[in-house]
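So the structure is just underneath, and the comments pick up after that.
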Amino acid sequence: MSEQQGSDLPTLPVTLRPGRTRAVLLTAGAAIFLVISAVAMLLEQLGPGERLTFVLTGALLFWVLTRLARVRVVAEDSGVTVVNIASRRRLEWAEILQVNLRTGDPWVFLDLSDGTSLPALGIQPGMDVQQAITDARTLHALVETRSVRDPEASTGQDQG
């Protein structure tokens with residue numbers, strides 16, 4: 001069974017991200033920036049400082065939406081990089097114990113060998129549930145295939 005799973009795995013590196021959500025966020029960000037900037041230029045009663053404030057507000061909103069759109073999970077031969085809204089974390093394959101996407105979860109959670117859980121916003125069911133399930137299964141299969149864990153070493157860590 002694991003041989004068949006191995007043949008279904010994508011060629012690395014592979015980037016997993018919410019494509020539809022990303023497209024909507026970037027499109028909305030550009031539209032908001034353009035509309036706010038156009039309004040600033042069309043309102044004759046605004047002074048230069050007020051117009052600049054409008055444009056900067058539109059730019060700030062666009063920046064926030066691009067930060068939301070940057071989330072992704074990148075799987076490479078050497079490990080996984082999880083890019084969330086305000087952080088980036090590099091993980092070795094063996095550090096990931098479990099990939100979880102339960103009904104109602106807003107995104108995937110990775111259970112890590114240090115006892116913590118890391119949200120991976122790059123796999124989220126928001127606009128495309130089926131794609132999120134497929135991506136979570138792909139990451140899970142990659143983790144199972146690439147993680148080399150020494151049971152004696154982990155037993156020793158648990159006791160210490």
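Naming scheme: A, B, ... for chains in displayed order of the structure tokens; residues 1 onward per chain; ligands 1 onward as shown.
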
Tell me, which residues of chain A carry DSSP alpha helix (DSSP H), written as a PyMOL selection string?
-> chain A and resi 2-8+19-42+48-69+129-146+151-159

Within 6 Å of stretch 8-21 of chain A, counting only C-alpha atoms, which residues show up once you throw out same-chain ones fewer than 6 positions away? Write them as a list in words, please.
->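 Residues meeting the cut-off are Arg72, Val73, Val74, Ala75, Glu76, Gly122 and Ile123 of chain A.
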
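The spacing separating atom CA of A:Val64 from atom CA of A:Val129 amounts to 23.9 Å.
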
Pick from A:Leu52, A:Ala69, A:Ile96, A:Ala120, whichever lies nearest to A:Thr145 using only C-alpha atoms =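 Residue with the minimum atom-to-atom distance to A:Thr145: A:Ile96.
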
Interatomic distance, atom CA of A:Val83 to atom CA of A:Arg70 (Å, one decimal) |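 According to the coordinates, atom CA of A:Val83 and atom CA of A:Arg70 are separated by 7.3 Å.
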
DSSP-assigned strand (DSSP E) among stretch 1-117 of chain A, expressed as a ChimeraX atom specification | /A:14-16,72-76,79-83,88-91,96-100,108-112,117

Residue selection dump (N, CA, C and O atoms) as an mmCIF file, in the first residue's frame:
```cif
data_model
loop_
_atom_site.group_PDB
_atom_site.id
_atom_site.type_symbol
_atom_site.label_atom_id
_atom_site.label_comp_id
_atom_site.auth_asym_id
_atom_site.auth_seq_id
_atom_site.Cartn_x
_atom_site.Cartn_y
_atom_site.Cartn_z
ATOM 1 N N VAL A 14 7.160 21.053 -4.043
ATOM 2 C CA VAL A 14 5.758 21.324 -4.346
ATOM 3 C C VAL A 14 5.252 22.394 -3.380
ATOM 4 O O VAL A 14 5.602 22.400 -2.206
ATOM 5 N N THR A 15 4.479 23.336 -3.916
ATOM 6 C CA THR A 15 3.911 24.408 -3.102
ATOM 7 C C THR A 15 2.416 24.196 -2.985
ATOM 8 O O THR A 15 1.719 24.082 -3.987
ATOM 9 N N LEU A 16 1.935 24.136 -1.747
ATOM 10 C CA LEU A 16 0.511 23.968 -1.467
ATOM 11 C C LEU A 16 -0.012 25.290 -0.946
ATOM 12 O O LEU A 16 0.517 25.839 0.019
ATOM 13 N N ARG A 72 1.396 29.665 2.538
ATOM 14 C CA ARG A 72 1.686 28.491 1.724
ATOM 15 C C ARG A 72 2.473 27.466 2.548
ATOM 16 O O ARG A 72 3.028 27.782 3.594
ATOM 17 N N VAL A 73 2.506 26.263 2.025
ATOM 18 C CA VAL A 73 3.317 25.189 2.578
ATOM 19 C C VAL A 73 4.180 24.687 1.429
ATOM 20 O O VAL A 73 3.649 24.291 0.395
ATOM 21 N N VAL A 74 5.495 24.755 1.607
ATOM 22 C CA VAL A 74 6.419 24.325 0.552
ATOM 23 C C VAL A 74 7.135 23.061 1.033
ATOM 24 O O VAL A 74 7.847 23.081 2.035
ATOM 25 N N ALA A 75 6.910 21.962 0.312
ATOM 26 C CA ALA A 75 7.560 20.693 0.628
ATOM 27 C C ALA A 75 8.731 20.500 -0.324
ATOM 28 O O ALA A 75 8.570 20.591 -1.541
ATOM 29 N N GLU A 76 9.907 20.278 0.262
ATOM 30 C CA GLU A 76 11.128 20.049 -0.510
ATOM 31 C C GLU A 76 11.781 18.769 -0.006
ATOM 32 O O GLU A 76 11.365 18.212 1.009
ATOM 33 N N GLY A 79 12.821 19.149 3.674
ATOM 34 C CA GLY A 79 11.829 19.420 4.709
ATOM 35 C C GLY A 79 10.695 20.278 4.203
ATOM 36 O O GLY A 79 10.457 20.381 3.001
ATOM 37 N N VAL A 80 10.008 20.905 5.140
ATOM 38 C CA VAL A 80 8.806 21.677 4.842
ATOM 39 C C VAL A 80 8.975 23.090 5.385
ATOM 40 O O VAL A 80 9.452 23.284 6.502
ATOM 41 N N THR A 81 8.574 24.075 4.582
ATOM 42 C CA THR A 81 8.532 25.457 5.045
ATOM 43 C C THR A 81 7.071 25.874 5.117
ATOM 44 O O THR A 81 6.349 25.770 4.134
ATOM 45 N N VAL A 82 6.653 26.320 6.295
ATOM 46 C CA VAL A 82 5.282 26.798 6.499
ATOM 47 C C VAL A 82 5.342 28.318 6.567
ATOM 48 O O VAL A 82 5.994 28.883 7.443
ATOM 49 N N VAL A 83 4.672 28.968 5.609
ATOM 50 C CA VAL A 83 4.619 30.426 5.571
ATOM 51 C C VAL A 83 3.201 30.828 5.956
ATOM 52 O O VAL A 83 2.249 30.532 5.230
ATOM 53 N N ARG A 88 7.305 32.546 9.271
ATOM 54 C CA ARG A 88 7.809 31.500 8.372
ATOM 55 C C ARG A 88 8.576 30.532 9.256
ATOM 56 O O ARG A 88 9.410 30.948 10.060
ATOM 57 N N ARG A 89 8.300 29.238 9.103
ATOM 58 C CA ARG A 89 9.007 28.252 9.916
ATOM 59 C C ARG A 89 9.456 27.090 9.039
ATOM 60 O O ARG A 89 8.677 26.546 8.274
ATOM 61 N N ARG A 90 10.695 26.729 9.201
ATOM 62 C CA ARG A 90 11.296 25.619 8.456
ATOM 63 C C ARG A 90 11.297 24.391 9.344
ATOM 64 O O ARG A 90 11.736 24.450 10.504
ATOM 65 N N LEU A 91 10.813 23.276 8.828
ATOM 66 C CA LEU A 91 10.740 22.034 9.586
ATOM 67 C C LEU A 91 11.446 20.913 8.837
ATOM 68 O O LEU A 91 11.335 20.823 7.615
ATOM 69 N N ILE A 96 7.642 16.574 11.911
ATOM 70 C CA ILE A 96 6.188 16.542 11.723
ATOM 71 C C ILE A 96 5.685 15.147 12.056
ATOM 72 O O ILE A 96 6.009 14.177 11.375
ATOM 73 N N LEU A 97 4.883 15.045 13.113
ATOM 74 C CA LEU A 97 4.345 13.755 13.530
ATOM 75 C C LEU A 97 3.000 13.454 12.872
ATOM 76 O O LEU A 97 2.704 12.309 12.552
ATOM 77 N N GLN A 98 2.194 14.475 12.661
ATOM 78 C CA GLN A 98 0.839 14.268 12.142
ATOM 79 C C GLN A 98 0.370 15.507 11.394
ATOM 80 O O GLN A 98 0.679 16.628 11.779
ATOM 81 N N VAL A 99 -0.397 15.281 10.337
ATOM 82 C CA VAL A 99 -1.047 16.346 9.575
ATOM 83 C C VAL A 99 -2.538 16.223 9.852
ATOM 84 O O VAL A 99 -3.128 15.185 9.564
ATOM 85 N N ASN A 100 -3.142 17.259 10.426
ATOM 86 C CA ASN A 100 -4.555 17.198 10.828
ATOM 87 C C ASN A 100 -5.397 18.235 10.103
ATOM 88 O O ASN A 100 -5.070 19.425 10.113
ATOM 89 N N VAL A 108 -5.058 23.434 8.206
ATOM 90 C CA VAL A 108 -4.341 22.252 8.675
ATOM 91 C C VAL A 108 -3.519 22.615 9.915
ATOM 92 O O VAL A 108 -2.993 23.724 10.015
ATOM 93 N N PHE A 109 -3.433 21.674 10.820
ATOM 94 C CA PHE A 109 -2.549 21.794 11.977
ATOM 95 C C PHE A 109 -1.529 20.676 11.905
ATOM 96 O O PHE A 109 -1.877 19.533 11.621
ATOM 97 N N LEU A 110 -0.272 21.014 12.139
ATOM 98 C CA LEU A 110 0.803 20.034 12.152
ATOM 99 C C LEU A 110 1.191 19.754 13.596
ATOM 100 O O LEU A 110 1.551 20.672 14.327
ATOM 101 N N ASP A 111 1.094 18.487 14.006
ATOM 102 C CA ASP A 111 1.573 18.097 15.327
ATOM 103 C C ASP A 111 3.066 17.848 15.199
ATOM 104 O O ASP A 111 3.507 17.063 14.350
ATOM 105 N N LEU A 112 3.844 18.523 16.048
ATOM 106 C CA LEU A 112 5.298 18.480 15.935
ATOM 107 C C LEU A 112 5.931 17.649 17.047
ATOM 108 O O LEU A 112 5.338 17.459 18.112
ATOM 109 N N SER A 117 1.796 22.323 18.316
ATOM 110 C CA SER A 117 1.010 22.209 17.092
ATOM 111 C C SER A 117 1.213 23.497 16.304
ATOM 112 O O SER A 117 1.153 24.587 16.867
#
```

Residues within 7 Å of A:Arg51, only C-alpha atoms, excluding chain neighbours under 5 positions, as a ChimeraX atom specification | /A:40-41,46

Could you dump the residues just selected with all heavy atoms as a PDB file, in the first residue's frame?
```pdb
ATOM      1  N   ALA A  40     -10.119  59.461  -4.056  1.00  0.00           N
ATOM      2  CA  ALA A  40      -9.269  60.538  -3.545  1.00  0.00           C
ATOM      3  C   ALA A  40      -8.996  61.583  -4.625  1.00  0.00           C
ATOM      4  O   ALA A  40      -8.968  62.779  -4.344  1.00  0.00           O
ATOM      5  CB  ALA A  40      -7.953  59.965  -3.024  1.00  0.00           C
ATOM      6  N   MET A  41      -8.799  61.140  -5.837  1.00  0.00           N
ATOM      7  CA  MET A  41      -8.496  62.074  -6.928  1.00  0.00           C
ATOM      8  C   MET A  41      -9.747  62.799  -7.438  1.00  0.00           C
ATOM      9  O   MET A  41      -9.669  63.930  -7.907  1.00  0.00           O
ATOM     10  CB  MET A  41      -7.829  61.335  -8.095  1.00  0.00           C
ATOM     11  CG  MET A  41      -6.500  60.706  -7.736  1.00  0.00           C
ATOM     12  SD  MET A  41      -5.357  61.906  -7.029  1.00  0.00           S
ATOM     13  CE  MET A  41      -4.578  60.924  -5.780  1.00  0.00           C
ATOM     14  N   LEU A  46     -10.951  67.738  -1.390  1.00  0.00           N
ATOM     15  CA  LEU A  46      -9.834  67.208  -0.613  1.00  0.00           C
ATOM     16  C   LEU A  46      -8.542  67.938  -0.965  1.00  0.00           C
ATOM     17  O   LEU A  46      -8.267  68.214  -2.123  1.00  0.00           O
ATOM     18  CB  LEU A  46      -9.642  65.710  -0.896  1.00  0.00           C
ATOM     19  CG  LEU A  46     -10.762  64.767  -0.462  1.00  0.00           C
ATOM     20  CD1 LEU A  46     -10.386  63.337  -0.803  1.00  0.00           C
ATOM     21  CD2 LEU A  46     -11.068  64.900   1.018  1.00  0.00           C
TER      22      LEU A  46
END
```

Identify, on the basis of only C-alpha atoms, every residue whose closest approach to A:Ala28 does not exceed 12 Å; exclude the query and any residue fewer than 2 positions from it along the same chain; express the result as a list in words.
->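 The filter keeps Thr21, Arg22, Ala23, Val24, Leu25, Leu26, Ala30, Ala31, Ile32, Phe33, Leu34, Val35, Ile36, Gly58, Leu61, Phe62, Trp63, Val64, Leu65, Thr66, Leu68 and Ala69 of chain A.
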
Go ahead and dump the residues you just picked, N, CA and C atoms, as a short mmCIF file (atom, residue, chain, number, x, y, z; two decimals), in the first residue's frame.
```cif
data_model
loop_
_atom_site.label_atom_id
_atom_site.label_comp_id
_atom_site.auth_asym_id
_atom_site.auth_seq_id
_atom_site.Cartn_x
_atom_site.Cartn_y
_atom_site.Cartn_z
N THR A 21 -8.65 31.37 -2.90
CA THR A 21 -8.62 32.40 -1.86
C THR A 21 -7.56 33.44 -2.19
N ARG A 22 -6.41 32.98 -2.64
CA ARG A 22 -5.33 33.89 -3.00
C ARG A 22 -5.76 34.81 -4.14
N ALA A 23 -6.39 34.25 -5.15
CA ALA A 23 -6.83 35.05 -6.30
C ALA A 23 -7.85 36.10 -5.86
N VAL A 24 -8.78 35.71 -5.00
CA VAL A 24 -9.80 36.65 -4.52
C VAL A 24 -9.16 37.76 -3.69
N LEU A 25 -8.24 37.40 -2.80
CA LEU A 25 -7.60 38.40 -1.95
C LEU A 25 -6.79 39.40 -2.76
N LEU A 26 -6.02 38.92 -3.72
CA LEU A 26 -5.20 39.83 -4.52
C LEU A 26 -6.06 40.71 -5.44
N ALA A 30 -6.30 44.81 -5.04
CA ALA A 30 -6.04 45.73 -6.15
C ALA A 30 -7.25 46.62 -6.41
N ALA A 31 -8.44 46.03 -6.39
CA ALA A 31 -9.67 46.80 -6.63
C ALA A 31 -9.87 47.86 -5.54
N ILE A 32 -9.67 47.48 -4.29
CA ILE A 32 -9.83 48.42 -3.18
C ILE A 32 -8.85 49.57 -3.31
N PHE A 33 -7.60 49.26 -3.60
CA PHE A 33 -6.59 50.31 -3.77
C PHE A 33 -6.97 51.26 -4.91
N LEU A 34 -7.39 50.70 -6.03
CA LEU A 34 -7.75 51.54 -7.18
C LEU A 34 -8.97 52.41 -6.90
N VAL A 35 -9.99 51.84 -6.26
CA VAL A 35 -11.21 52.60 -5.97
C VAL A 35 -10.92 53.72 -4.97
N ILE A 36 -10.21 53.40 -3.90
CA ILE A 36 -9.91 54.43 -2.90
C ILE A 36 -9.05 55.53 -3.51
N GLY A 58 -5.53 53.01 1.10
CA GLY A 58 -5.73 51.97 0.09
C GLY A 58 -4.52 51.06 -0.03
N LEU A 61 -4.42 48.71 3.00
CA LEU A 61 -5.38 47.62 2.85
C LEU A 61 -4.89 46.58 1.84
N PHE A 62 -4.31 47.05 0.74
CA PHE A 62 -3.75 46.13 -0.25
C PHE A 62 -2.62 45.30 0.36
N TRP A 63 -1.74 45.93 1.15
CA TRP A 63 -0.63 45.23 1.80
C TRP A 63 -1.15 44.14 2.75
N VAL A 64 -2.19 44.48 3.54
CA VAL A 64 -2.76 43.50 4.47
C VAL A 64 -3.30 42.30 3.70
N LEU A 65 -4.00 42.55 2.61
CA LEU A 65 -4.56 41.45 1.82
C LEU A 65 -3.47 40.62 1.14
N THR A 66 -2.36 41.25 0.76
CA THR A 66 -1.26 40.47 0.19
C THR A 66 -0.59 39.60 1.26
N LEU A 68 -2.21 38.25 3.73
CA LEU A 68 -3.14 37.12 3.88
C LEU A 68 -2.99 36.14 2.72
N ALA A 69 -2.67 36.65 1.54
CA ALA A 69 -2.55 35.81 0.34
C ALA A 69 -1.22 35.08 0.24
#
```

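The space between atom CA of A:Gly104 and atom CA of A:Asp135 spans 16.3 Å.
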